[in-house]
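Here the structure is laid out as C-alpha cells; the discussion comes afterwards.
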Amino acid sequence: MTGFWSKRQVRERLGFLTDAELARFFGISRSAVSQWPKDGPIPALRQYILHQQYPNLFPVGEAGEPEIA
C-alpha cells in the first residue's frame, strides 16, 4: 500500500497533540515518530494500520492512495 498520510494529518484526525500520543497509539518510541517529517508521508506499515483500524478516517482509493476529503 502506498499513500501520503502525513504525521500532521494523522495527528489532526486522531485528535493527538503530541508525538508521544502518536507513538503510544502505534506502540513505538517517541523518537521513532519524531523522525517522521511533519508534512511527509508516514511509513507504509503505519498507514496500513491506520486504514485497518479507522477505515472511515483513513480511506484508500482504488490505487491504494488516500482519499483526502
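By convention here, the chains of the C-alpha cells are called A, B, ... in the order presented, each chain's residues are numbered starting at 1, and ligands are numbered starting at 1 in the order presented.
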DSSP-assigned alpha helix (DSSP H) members of chain A, reported as JSON, numbers by chain: {"A": [7, 8, 9, 10, 11, 12, 13, 14, 19, 20, 21, 22, 23, 24, 25, 26, 30, 31, 32, 33, 34, 44, 45, 46, 47, 48, 49, 50, 51, 52, 53]}
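Surrounding segment 38-43 of chain A within 8 Å are Gly3, Phe4, Trp5, Ser6, Lys7, Arg8 and Gln47 of chain A, with only C-alpha atoms counted and residues fewer than 4 positions along the same chain left out.
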Put those residues in a file: C-alpha atoms, as an mmCIF file, in the first residue's frame.
data_model
loop_
_atom_site.group_PDB
_atom_site.id
_atom_site.type_symbol
_atom_site.label_atom_id
_atom_site.label_comp_id
_atom_site.auth_asym_id
_atom_site.auth_seq_id
_atom_site.Cartn_x
_atom_site.Cartn_y
_atom_site.Cartn_z
ATOM 1 C CA GLY A 3 -0.073 6.645 0.339
ATOM 2 C CA PHE A 4 0.515 10.117 1.523
ATOM 3 C CA TRP A 5 -0.892 10.436 5.039
ATOM 4 C CA SER A 6 1.371 12.907 6.805
ATOM 5 C CA LYS A 7 2.114 12.996 10.509
ATOM 6 C CA ARG A 8 0.223 16.287 10.739
ATOM 7 C CA GLN A 47 -0.610 3.850 7.098
#
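Taking only C-alpha atoms, the non-local environment of segment 16-31 of chain A within 10 Å (same-chain residues fewer than 5 positions away omitted) comprises Lys7, Arg8, Val10, Arg11, Trp36, Arg46, Ile49 and Leu50 of chain A.
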Export of the given selection (C-alpha atoms) as an mmCIF file, in the first residue's frame:
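again.cif, written as the output of this step:
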data_model
loop_
_atom_site.group_PDB
_atom_site.id
_atom_site.type_symbol
_atom_site.label_atom_id
_atom_site.label_comp_id
_atom_site.auth_asym_id
_atom_site.auth_seq_id
_atom_site.Cartn_x
_atom_site.Cartn_y
_atom_site.Cartn_z
ATOM 1 C CA LYS A 7 2.114 12.996 10.509
ATOM 2 C CA ARG A 8 0.223 16.287 10.739
ATOM 3 C CA VAL A 10 -2.809 11.685 11.283
ATOM 4 C CA ARG A 11 -2.445 13.688 14.486
ATOM 5 C CA TRP A 36 8.956 11.300 10.544
ATOM 6 C CA ARG A 46 1.713 2.695 9.880
ATOM 7 C CA ILE A 49 -2.531 0.080 10.464
ATOM 8 C CA LEU A 50 -4.450 3.363 10.370
#
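When atom CA of Pro37 of chain A is paired with atom CA of Tyr54 of chain A, their separation reads 21.9 Å.
Rounded to one decimal, atom CA of Ser34 of chain A and atom CA of Asn56 of chain A lie 25.7 Å from each other.
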